[in-house]
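Visitor: If it helps, the file is called coords08.cif and holds mmCIF, C-alpha atoms:
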```cif
data_structure
loop_
_atom_site.label_atom_id
_atom_site.label_comp_id
_atom_site.auth_asym_id
_atom_site.auth_seq_id
_atom_site.Cartn_x
_atom_site.Cartn_y
_atom_site.Cartn_z
CA MET A 84 -129.01 -11.03 91.05
CA LYS A 85 -130.13 -13.03 94.10
CA LYS A 86 -132.87 -10.47 94.75
CA PHE A 87 -134.08 -10.81 91.15
CA ILE A 88 -134.19 -14.64 91.42
CA ALA A 89 -136.11 -14.44 94.70
CA ILE A 90 -138.69 -12.09 93.17
CA PHE A 91 -138.98 -14.35 90.08
CA LEU A 92 -139.53 -17.48 92.18
CA THR A 93 -142.12 -15.72 94.35
CA CYS A 94 -144.10 -14.64 91.29
CA TRP A 95 -143.81 -18.09 89.71
CA LEU A 96 -145.10 -19.83 92.85
CA ALA A 97 -147.97 -17.35 93.09
CA LEU A 98 -148.87 -18.09 89.46
CA LEU A 99 -148.80 -21.85 90.09
CA SER A 100 -151.12 -21.50 93.08
CA TRP A 101 -153.54 -19.50 90.93
CA LEU A 102 -153.66 -21.99 88.05
CA PRO A 103 -156.25 -24.82 88.29
CA SER A 104 -154.77 -28.20 89.05
CA VAL A 105 -154.79 -30.64 86.13
CA HIS A 106 -153.14 -33.40 88.10
CA ALA A 107 -155.94 -33.96 90.59
CA GLU A 108 -156.43 -37.49 91.85
CA THR A 109 -158.69 -39.29 89.36
CA PHE A 110 -158.88 -42.67 91.08
CA ILE A 111 -157.57 -44.35 94.19
CA ASN A 112 -154.30 -46.27 94.07
CA ALA A 113 -155.09 -49.91 93.39
CA ASN A 114 -153.99 -53.23 94.91
CA GLN A 115 -154.95 -52.24 98.44
CA LEU A 116 -157.57 -54.97 98.91
CA ASP A 117 -156.87 -58.61 99.75
CA ALA A 118 -159.02 -59.99 96.95
CA ALA A 119 -158.61 -61.43 93.46
CA ALA A 120 -160.35 -58.40 91.93
CA ALA A 121 -162.11 -55.24 93.10
CA LEU A 122 -163.83 -52.27 91.56
CA ALA A 123 -165.70 -49.12 92.57
CA ILE A 124 -167.63 -46.95 90.12
CA ASP A 125 -170.06 -44.06 90.03
CA ALA A 126 -173.23 -45.93 89.07
CA LYS A 127 -174.66 -43.15 86.88
CA THR A 128 -171.56 -42.16 84.91
CA GLY A 129 -169.52 -45.36 85.10
CA GLN A 130 -166.46 -43.41 86.25
CA ILE A 131 -163.94 -45.77 87.83
CA LEU A 132 -162.98 -44.74 91.37
CA TYR A 133 -161.01 -47.89 92.25
CA SER A 134 -159.65 -50.60 89.97
CA GLN A 135 -157.86 -53.84 90.83
CA ASN A 136 -157.53 -56.65 88.25
CA ILE A 137 -160.91 -55.80 86.77
CA ASN A 138 -160.50 -57.48 83.37
CA GLN A 139 -159.80 -61.09 84.41
CA LYS A 140 -162.78 -63.45 84.08
CA LEU A 141 -163.48 -65.10 87.43
CA PRO A 142 -166.26 -67.28 88.88
CA ILE A 143 -169.03 -65.09 90.33
CA ALA A 144 -171.27 -67.70 92.03
CA SER A 145 -174.63 -66.29 93.18
CA ILE A 146 -173.91 -62.79 91.92
CA SER A 147 -175.31 -64.40 88.74
CA LYS A 148 -178.78 -64.07 90.24
CA LEU A 149 -178.76 -60.33 89.51
CA LEU A 150 -178.88 -61.15 85.81
CA THR A 151 -181.61 -63.76 86.38
CA VAL A 152 -183.97 -61.43 88.23
CA MET A 153 -183.53 -58.74 85.57
CA VAL A 154 -184.66 -61.24 82.92
CA ILE A 155 -187.64 -62.15 85.12
CA GLU A 156 -188.67 -58.51 85.57
CA ASP A 157 -188.38 -58.00 81.81
CA GLU A 158 -190.83 -60.88 81.36
CA ILE A 159 -193.12 -59.25 83.91
CA SER A 160 -192.93 -55.93 82.03
CA GLN A 161 -193.76 -57.78 78.80
CA HIS A 162 -196.79 -59.37 80.54
CA GLN A 163 -195.44 -62.90 80.10
CA LEU A 164 -195.41 -63.14 83.89
CA SER A 165 -196.72 -61.01 86.74
CA TRP A 166 -195.47 -60.52 90.28
CA ASN A 167 -198.45 -62.63 91.39
CA THR A 168 -197.84 -65.48 88.95
CA LYS A 169 -197.88 -68.80 90.83
CA VAL A 170 -194.90 -71.04 90.12
CA LYS A 171 -195.36 -74.70 91.06
CA ILE A 172 -192.36 -76.50 92.56
CA ASN A 173 -191.65 -79.72 90.67
CA GLN A 174 -189.47 -82.64 91.76
CA LYS A 175 -186.32 -81.36 89.99
CA VAL A 176 -186.54 -77.94 91.60
CA ALA A 177 -187.39 -79.43 95.00
CA ALA A 178 -184.24 -81.58 94.83
CA ILE A 179 -182.19 -78.37 94.73
CA ALA A 180 -184.33 -76.41 97.20
CA ASP A 181 -184.16 -79.23 99.77
CA ASP A 182 -180.38 -79.72 99.57
CA PRO A 183 -178.88 -78.58 102.91
CA GLU A 184 -175.53 -77.93 101.21
CA TYR A 185 -177.05 -75.09 99.17
CA SER A 186 -178.27 -71.64 100.14
CA ASN A 187 -182.04 -71.97 100.29
CA VAL A 188 -185.45 -71.22 101.71
CA SER A 189 -187.83 -74.11 102.27
CA LEU A 190 -189.92 -74.82 99.15
CA THR A 191 -192.41 -77.68 99.23
CA GLN A 192 -192.73 -79.94 96.21
CA GLY A 193 -196.16 -79.55 94.61
CA GLN A 194 -196.78 -76.19 96.31
CA SER A 195 -196.93 -72.91 94.35
CA TYR A 196 -195.19 -69.64 95.22
CA THR A 197 -195.61 -66.20 93.68
CA ALA A 198 -192.90 -64.79 91.43
CA SER A 199 -192.64 -61.93 93.93
CA ASP A 200 -191.75 -64.29 96.81
CA LEU A 201 -189.30 -66.23 94.66
CA VAL A 202 -187.49 -63.04 93.57
CA LYS A 203 -187.27 -61.94 97.22
CA ALA A 204 -185.85 -65.34 98.18
CA ALA A 205 -183.30 -65.17 95.34
CA LEU A 206 -182.06 -61.68 96.24
CA ILE A 207 -182.40 -61.62 100.03
CA LYS A 208 -181.52 -65.20 100.96
CA SER A 209 -179.71 -66.09 97.71
CA ALA A 210 -181.99 -69.13 97.50
CA ASP A 211 -180.88 -71.54 94.78
CA GLY A 212 -184.17 -73.45 94.58
CA ALA A 213 -186.19 -70.25 94.24
CA THR A 214 -183.90 -69.08 91.44
CA VAL A 215 -184.20 -72.24 89.34
CA ALA A 216 -187.98 -72.13 89.91
CA LEU A 217 -188.01 -68.62 88.42
CA ALA A 218 -185.85 -69.73 85.47
CA GLY A 219 -188.42 -72.42 84.66
CA ALA A 220 -191.52 -70.30 85.28
CA LEU A 221 -192.32 -70.13 81.53
CA GLY A 222 -191.30 -73.71 80.87
CA ASP A 223 -187.72 -72.96 79.79
CA SER A 224 -185.02 -75.59 80.16
CA THR A 225 -181.72 -74.52 81.72
CA ALA A 226 -180.16 -74.17 78.25
CA GLN A 227 -183.10 -72.09 77.00
CA PHE A 228 -183.00 -69.74 79.97
CA ASN A 229 -179.23 -69.44 79.52
CA GLN A 230 -179.92 -67.96 76.08
CA LYS A 231 -182.09 -65.31 77.71
CA LEU A 232 -179.31 -64.54 80.18
CA GLN A 233 -176.77 -64.20 77.37
CA LYS A 234 -179.08 -61.86 75.46
CA LYS A 235 -179.57 -59.69 78.54
CA ALA A 236 -175.83 -59.61 79.19
CA ARG A 237 -175.19 -58.38 75.63
CA GLN A 238 -177.86 -55.70 76.06
CA ILE A 239 -176.02 -54.45 79.15
CA GLY A 240 -172.73 -54.39 77.23
CA ILE A 241 -171.26 -57.63 78.57
CA LYS A 242 -169.75 -59.54 75.66
CA ASP A 243 -167.54 -62.16 77.26
CA ALA A 244 -169.59 -63.77 80.06
CA THR A 245 -169.63 -67.52 80.65
CA ILE A 246 -173.21 -68.51 81.49
CA VAL A 247 -173.85 -72.07 82.72
CA ASN A 248 -177.08 -71.58 84.67
CA SER A 249 -179.30 -69.02 86.37
CA VAL A 250 -177.93 -69.70 89.85
CA GLY A 251 -174.14 -69.65 89.85
CA LEU A 252 -173.79 -73.31 90.85
CA THR A 253 -171.53 -75.65 88.91
CA ASN A 254 -173.26 -77.55 86.12
CA SER A 255 -173.28 -80.85 88.07
CA GLN A 256 -174.72 -79.15 91.18
CA LEU A 257 -177.84 -78.40 89.16
CA LYS A 258 -178.55 -82.14 89.29
CA ASP A 259 -181.34 -83.15 86.86
CA LEU A 260 -181.47 -79.59 85.52
CA ALA A 261 -177.83 -79.64 84.40
CA VAL A 262 -177.01 -78.88 80.76
CA LYS A 263 -175.74 -81.81 78.74
CA ASN A 264 -172.39 -81.60 76.94
CA ILE A 265 -171.05 -79.06 79.45
CA ASP A 266 -168.29 -79.92 81.90
CA ASP A 267 -169.56 -80.84 85.37
CA ASN A 268 -167.33 -78.22 87.02
CA ALA A 269 -168.26 -75.39 84.65
CA GLU A 270 -169.78 -72.32 86.34
CA ASN A 271 -170.65 -68.72 85.57
CA LYS A 272 -167.75 -66.32 85.05
CA MET A 273 -167.42 -62.57 84.52
CA SER A 274 -164.76 -59.96 85.04
CA ALA A 275 -165.15 -57.46 87.87
CA LYS A 276 -165.70 -54.82 85.18
CA ASP A 277 -168.63 -56.76 83.74
CA VAL A 278 -170.10 -57.38 87.20
CA GLY A 279 -169.88 -53.62 87.76
CA LYS A 280 -171.70 -52.97 84.47
CA MET A 281 -174.40 -55.46 85.44
CA ALA A 282 -174.92 -54.00 88.91
CA ALA A 283 -174.95 -50.40 87.65
CA TYR A 284 -177.49 -51.36 85.00
CA LEU A 285 -179.73 -52.91 87.65
CA VAL A 286 -179.66 -49.93 90.01
CA ASN A 287 -180.30 -47.51 87.12
CA HIS A 288 -183.09 -49.44 85.41
CA TYR A 289 -184.72 -51.74 88.01
CA PRO A 290 -185.64 -49.72 91.13
CA ASP A 291 -188.00 -52.49 92.30
CA LEU A 292 -185.16 -55.01 92.40
CA LEU A 293 -182.87 -52.56 94.20
CA LYS A 294 -185.56 -52.02 96.82
CA ILE A 295 -185.97 -55.78 97.33
CA ALA A 296 -182.21 -56.37 97.58
CA GLY A 297 -182.03 -53.71 100.30
CA GLN A 298 -184.64 -55.37 102.54
CA THR A 299 -183.17 -56.81 105.73
CA SER A 300 -185.85 -59.55 105.83
CA PHE A 301 -189.16 -60.76 104.38
CA GLN A 302 -191.96 -63.15 105.27
CA LEU A 303 -192.44 -66.52 103.52
CA ASP A 304 -195.08 -69.01 104.66
CA GLY A 305 -195.31 -67.24 108.01
CA SER A 306 -191.56 -67.40 108.67
CA THR A 307 -189.04 -64.55 108.69
CA VAL A 308 -186.22 -64.88 106.17
CA ASN A 309 -183.21 -62.67 106.94
CA ASN A 310 -180.86 -61.03 104.44
CA ILE A 311 -177.44 -62.71 104.36
CA ASN A 312 -175.73 -59.46 103.26
CA LYS A 313 -174.13 -58.27 106.50
CA MET A 314 -173.38 -54.85 105.00
CA LEU A 315 -177.09 -54.21 105.57
CA THR A 316 -177.58 -55.88 108.92
CA ASP A 317 -174.31 -55.58 110.89
CA SER A 318 -173.24 -52.15 112.12
CA GLN A 319 -169.57 -53.16 112.35
CA TYR A 320 -169.34 -52.96 108.54
CA GLN A 321 -170.70 -49.42 108.23
CA THR A 322 -168.64 -46.46 107.02
CA SER A 323 -169.37 -42.89 108.12
CA GLY A 324 -171.25 -40.94 105.45
CA VAL A 325 -171.95 -44.05 103.36
CA THR A 326 -175.51 -45.43 103.19
CA ILE A 327 -175.52 -49.03 101.92
CA ASP A 328 -178.76 -50.40 100.44
CA GLY A 329 -177.78 -53.54 98.49
CA LEU A 330 -176.88 -55.66 96.62
CA LYS A 331 -175.80 -59.35 96.29
CA THR A 332 -173.47 -61.93 97.81
CA GLY A 333 -171.89 -64.89 96.05
CA THR A 334 -170.00 -67.92 97.39
CA SER A 335 -168.58 -71.07 95.83
CA ASP A 336 -165.41 -73.14 96.10
CA ALA A 337 -163.99 -71.58 92.94
CA ALA A 338 -165.40 -68.07 93.40
CA GLY A 339 -164.57 -67.79 97.08
CA ALA A 340 -166.41 -65.05 99.00
CA CYS A 341 -167.77 -62.36 96.66
CA LEU A 342 -169.93 -59.28 97.07
CA VAL A 343 -171.36 -56.63 94.79
CA SER A 344 -172.58 -53.69 96.85
CA THR A 345 -174.23 -50.35 96.27
CA ALA A 346 -174.46 -47.26 98.44
CA THR A 347 -174.97 -43.51 98.35
CA PHE A 348 -172.10 -41.19 99.27
CA GLN A 349 -171.94 -37.42 98.73
CA ASN A 350 -175.36 -37.68 97.00
CA ARG A 351 -173.96 -40.05 94.37
CA ARG A 352 -174.70 -43.76 93.97
CA ILE A 353 -171.63 -45.99 94.07
CA VAL A 354 -171.31 -49.63 93.02
CA THR A 355 -168.51 -51.79 94.42
CA VAL A 356 -167.35 -55.27 93.42
CA VAL A 357 -165.16 -57.64 95.43
CA LEU A 358 -164.37 -61.04 93.90
CA HIS A 359 -162.70 -63.83 95.89
CA ALA A 360 -161.91 -61.95 99.09
CA ASN A 361 -159.13 -63.70 100.97
CA GLY A 362 -159.72 -64.57 104.61
CA ASP A 363 -160.63 -67.25 107.09
CA SER A 364 -164.38 -66.86 106.57
CA THR A 365 -166.92 -65.56 104.08
CA ASP A 366 -167.04 -62.35 106.16
CA ALA A 367 -163.81 -61.31 104.41
CA ARG A 368 -165.93 -59.93 101.55
CA PHE A 369 -167.69 -57.55 103.95
CA THR A 370 -164.40 -56.40 105.48
CA ALA A 371 -162.91 -55.83 102.02
CA THR A 372 -165.99 -53.93 100.83
CA GLN A 373 -165.95 -51.76 103.95
CA LYS A 374 -162.29 -50.92 103.29
CA LEU A 375 -163.17 -50.00 99.72
CA TYR A 376 -165.82 -47.55 100.92
CA GLN A 377 -163.36 -46.18 103.46
CA LEU A 378 -160.74 -45.63 100.74
CA ILE A 379 -163.28 -43.61 98.76
CA ALA A 380 -164.52 -41.66 101.79
CA ASN A 381 -160.96 -40.81 102.89
CA SER A 382 -159.66 -39.91 99.43
CA SER A 383 -159.55 -36.43 97.93
CA LEU A 384 -162.14 -37.43 95.34
CA THR A 385 -165.28 -35.31 95.35
CA PRO A 386 -168.07 -35.21 92.73
CA GLN A 387 -168.07 -31.90 90.86
CA LYS A 388 -170.33 -30.58 88.13
CA THR A 389 -168.50 -29.76 84.92
CA ALA A 390 -170.22 -27.60 82.31
CA LEU A 391 -170.26 -29.03 78.81
CA PRO A 392 -169.12 -26.73 75.98
CA LYS A 393 -171.83 -24.69 74.24
CA SER A 394 -171.12 -26.59 71.03
CA PHE A 395 -172.47 -29.71 72.73
CA TYR A 396 -175.87 -28.50 73.88
CA GLN A 397 -176.57 -25.88 71.20
CA ARG A 398 -176.90 -27.37 67.70
CA SER A 399 -177.99 -26.24 64.26
CA VAL A 400 -180.98 -27.84 62.56
CA VAL A 401 -181.48 -27.50 58.80
CA LYS A 402 -185.08 -26.39 58.16
CA PHE A 403 -185.15 -25.80 54.41
CA LEU A 404 -182.31 -25.59 51.90
CA PHE A 405 -179.69 -23.53 53.78
CA PHE A 406 -182.00 -22.05 56.43
CA LYS A 407 -180.99 -23.17 59.90
CA HIS A 408 -182.50 -23.01 63.36
CA GLN A 409 -180.60 -23.20 66.65
CA ILE A 410 -181.88 -25.71 69.21
CA LYS A 411 -180.79 -26.51 72.72
CA LEU A 412 -180.15 -30.00 74.08
CA ARG A 413 -179.80 -31.49 77.49
CA PRO A 414 -177.74 -32.26 79.49
CA ARG A 415 -175.58 -29.19 79.86
CA SER A 416 -173.23 -30.54 82.51
CA ILE A 417 -171.73 -33.78 83.77
CA THR A 418 -170.55 -34.83 87.22
CA ILE A 419 -166.95 -36.00 87.54
CA TRP A 420 -165.14 -37.02 90.71
CA GLU A 421 -162.51 -34.28 90.35
CA ASN A 422 -162.09 -30.96 88.61
CA ALA A 423 -162.42 -31.53 84.84
CA SER A 424 -161.86 -28.41 82.74
CA ASP A 425 -163.43 -27.95 79.30
CA SER A 426 -160.06 -28.37 77.61
CA ARG A 427 -159.90 -31.99 78.79
CA LEU A 428 -163.20 -33.04 77.21
CA THR A 429 -163.44 -34.96 73.93
CA ILE A 430 -166.95 -35.54 72.55
CA TYR A 431 -168.08 -38.01 69.89
CA ASP A 432 -171.63 -37.89 68.51
CA HIS A 433 -173.77 -40.83 67.45
CA LEU A 434 -176.93 -39.29 66.03
CA THR A 435 -179.99 -41.44 65.37
CA ALA A 436 -182.23 -38.59 64.19
CA LYS A 437 -182.30 -37.60 60.51
CA THR A 438 -179.22 -35.75 59.26
CA ASN A 439 -178.05 -34.36 55.91
CA ARG A 440 -174.90 -35.44 54.08
CA SER A 441 -172.86 -33.05 56.20
CA GLY A 442 -174.09 -34.72 59.38
CA GLN A 443 -176.30 -31.79 60.41
CA LEU A 444 -179.66 -32.46 62.05
CA LYS A 445 -182.73 -32.06 59.82
CA ALA A 446 -186.19 -30.79 60.76
CA PRO A 447 -188.75 -31.67 61.95
CA ILE A 448 -187.69 -32.18 65.56
CA LYS A 449 -189.97 -32.33 68.57
CA LYS A 450 -189.27 -31.08 72.08
CA GLY A 451 -188.23 -34.01 74.24
CA GLN A 452 -187.17 -36.09 71.21
CA SER A 453 -184.14 -38.34 71.56
CA LEU A 454 -181.64 -37.41 68.86
CA GLY A 455 -179.06 -40.06 69.68
CA TYR A 456 -176.21 -39.94 72.15
CA SER A 457 -172.67 -38.72 72.64
CA TYR A 458 -169.64 -40.26 74.27
CA VAL A 459 -167.67 -37.87 76.45
CA LYS A 460 -164.08 -38.69 77.34
CA VAL A 461 -162.24 -36.76 80.04
CA LYS A 462 -158.46 -36.77 79.88
CA GLY A 463 -157.04 -38.58 82.91
CA VAL A 464 -160.41 -40.06 83.94
CA GLN A 465 -161.29 -43.74 83.44
CA PHE A 466 -164.79 -45.02 82.69
CA ILE A 467 -166.10 -48.57 82.84
CA ASN A 468 -167.23 -48.13 79.24
CA ASN A 469 -164.11 -47.80 77.09
CA HIS A 470 -165.92 -45.30 74.85
CA GLY A 471 -166.39 -42.89 77.76
CA LEU A 472 -169.45 -41.42 79.44
CA ARG A 473 -172.54 -42.02 77.30
CA LEU A 474 -174.98 -39.10 77.31
CA PRO A 475 -178.43 -39.17 75.68
CA LEU A 476 -179.09 -36.15 73.44
CA ILE A 477 -182.56 -34.77 74.15
CA SER A 478 -183.98 -31.79 72.25
CA GLN A 479 -185.43 -28.97 74.34
CA THR A 480 -186.85 -27.27 71.26
CA THR A 481 -189.49 -28.03 68.61
CA VAL A 482 -188.52 -27.27 65.00
CA GLN A 483 -191.28 -27.57 62.38
#
```
Show the structure stored in the file as structure tokens.

Guide:
Amino acid sequence: MKKFIAIFLTCWLALLSWLPSVHAETFINANQLDAAAALAIDAKTGQILYSQNINQKLPIASISKLLTVMVIEDEISQHQLSWNTKVKINQKVAAIADDPEYSNVSLTQGQSYTASDLVKAALIKSADGATVALAGALGDSTAQFNQKLQKKARQIGIKDATIVNSVGLTNSQLKDLAVKNIDDNAENKMSAKDVGKMAAYLVNHYPDLLKIAGQTSFQLDGSTVNNINKMLTDSQYQTSGVTIDGLKTGTSDAAGACLVSTATFQNRRIVTVVLHANGDSTDARFTATQKLYQLIANSSLTPQKTALPKSFYQRSVVKFLFFKHQIKLRPRSITIWENASDSRLTIYDHLTAKTNRSGQLKAPIKKGQSLGYSYVKVKGVQFINNHGLRLPLISQTTVQ
């Protein structure tokens, strides 16, 4: 009997070692950082790699400027502004730019600066005066530009942001540019999850802004302005295998020391968020962010390609009456930071192309045409978007 049990156990253990693991680590254990909130995501997929109090709305200070510069680049793309547009510094903007208590570059009242230089000052030096100058470049009041910021936030998928101004200062700190009927101490607030969405959107859609944010310095009026993000300039905050190239600091009395960062690791772009890092100096945000990268680098998480089921990328198109044609779509695989088998995938379609009453695609369809998108959920894997990983459906076939 004992011999039979021993043989049975040996075979059972051998079988277990052969079966694929479905309990692989999907994200790092949370609450390891000394901060009010922290997050790490894969920037392309939105997969959550680290999560710590990511849903609480908190002050974000100058991290707000990421939203501001995206609105400005949209206006440049729409030819309302250009990178060479000259923005004249008026008395109200100069009062902020000349305040030694604020983060600033020197801007002279009555002098004009290009939108390009002002964006660099906002991202690299976190210059408050340069940011409010940008917000007023088309003549908008603070309240009017706030509406643009809210619209952009909704486009990104941020529905619950508190927007007080373009800078991240309290309302009263904006001096003559403050919004009436808003509390003096009001300031911009987002959850760490929403900051992550905003940062991921920027790195995926605004390569010019990412490049600027990664500069260690720039020239303004013949002077060198250095980046205040020490993750870029101080080797003591580096992590082996991780290449950091952005993104934005934030500091205020209520927000504490904050940092949203981005880096490449294992050929994937990562976005990290640290809100209100606890410590004796503002450098605590850099120490906390470094630890977050170290947790990822030292974990068992690795990005792996997972093939999508054939039913996803091969679809039927109704040509005429009941005649159908098979087309192929892309993508055919997704990258997940662990081993995700087909059986763990759930896919929901949202088709924007023409369909019949049964929901089947109808001809004509052109090669390269966007047919809509799908949400892919992976059991045991968390995404920053509650609906899952959003994949665009692109036809690789033409059907007349």

Visitor: Which neighbours of Lys169 in chain A fall inside 10 Å, counting only C-alpha atoms, when residues of the same chain fewer than 4 positions from it are skipped, and could you give them as JSON, numbers by chain?

Guide: {"A": [164, 165, 194, 195, 196, 197, 198, 199, 200, 201, 220]}

Visitor: For Asn248 in chain A, list every protein, DNA or RNA residue within 8 Å, evaluated using only C-alpha atoms, and leave out those in the same chain fewer than 4 positions away; present the list as an MDAnalysis selection string.

Guide: chainID A and resid 225:226 228:229 252 254 270:271

Visitor: Using all atoms listed in the file, find the one residue out of A:Leu292, A:Val250, A:Ile124, A:Leu454 that sits nearest to Arg351 in chain A.

Guide: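 The answer is A:Ile124, which sits nearest to Arg351 in chain A.
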
Visitor: Neighbourhood query: residues within 9 Å of (-167.6, -36.3, 77.2), file coordinates, counting only C-alpha atoms; return as a PyMOL selection string.

Guide: chain A and resi 391+417+427-431+457-461+471-474

Visitor: At a cut-off of 12 Å, using all atoms listed in the file, what residues contact range 480-483 of chain A? Leave out same-chain residues fewer than 5 positions from it and give the result as a list of chain:residue names.

Guide: A:Tyr396, A:Gln397, A:Arg398, A:Ser399, A:Val400, A:Val401, A:Lys402, A:Phe403, A:Phe406, A:Lys407, A:His408, A:Gln409, A:Ile410, A:Lys411, A:Leu412, A:Arg413, A:Leu444, A:Lys445, A:Ala446, A:Pro447, A:Ile448, A:Lys449, A:Lys450, A:Gly451, A:Gln452, A:Ser453, A:Leu454

Visitor: Using all atoms listed in the file, which residues sit within 7 Å of range 342-350 of chain A once same-chain residues fewer than 6 positions away are excluded, as a VMD selection string?

Guide: chain A and resid 324 to 333 356 to 358 368

Visitor: For range 187-191 of chain A, find every residue with an atom within 7 Å (counting all atoms listed in the file), except residues of its own chain fewer than 6 positions away, and show them as a VMD selection string.

Guide: chain A and resid 172 177 180 to 181 204 208 to 212

Visitor: What does the PyMOL selection byres ((chain A and resi 434) around 10) select in this file, as an MDAnalysis selection string?

Guide: chainID A and resid 431:433 435:438 442:444 453:457 475:476

Visitor: In Å to one decimal, how far is CA of Leu257 in chain A from CA of Asn167 in chain A?

Guide: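 Going from CA of Asn167 in chain A over to CA of Leu257 in chain A covers 26.0 Å.
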
Visitor: Between A:Lys175, A:Ile131, A:His162, A:Ile143, which residue has the minimum interatomic distance to Ala360 in chain A, considering all atoms listed in the file?

Guide: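 Result for the nearest residue to Ala360 in chain A: A:Ile143.
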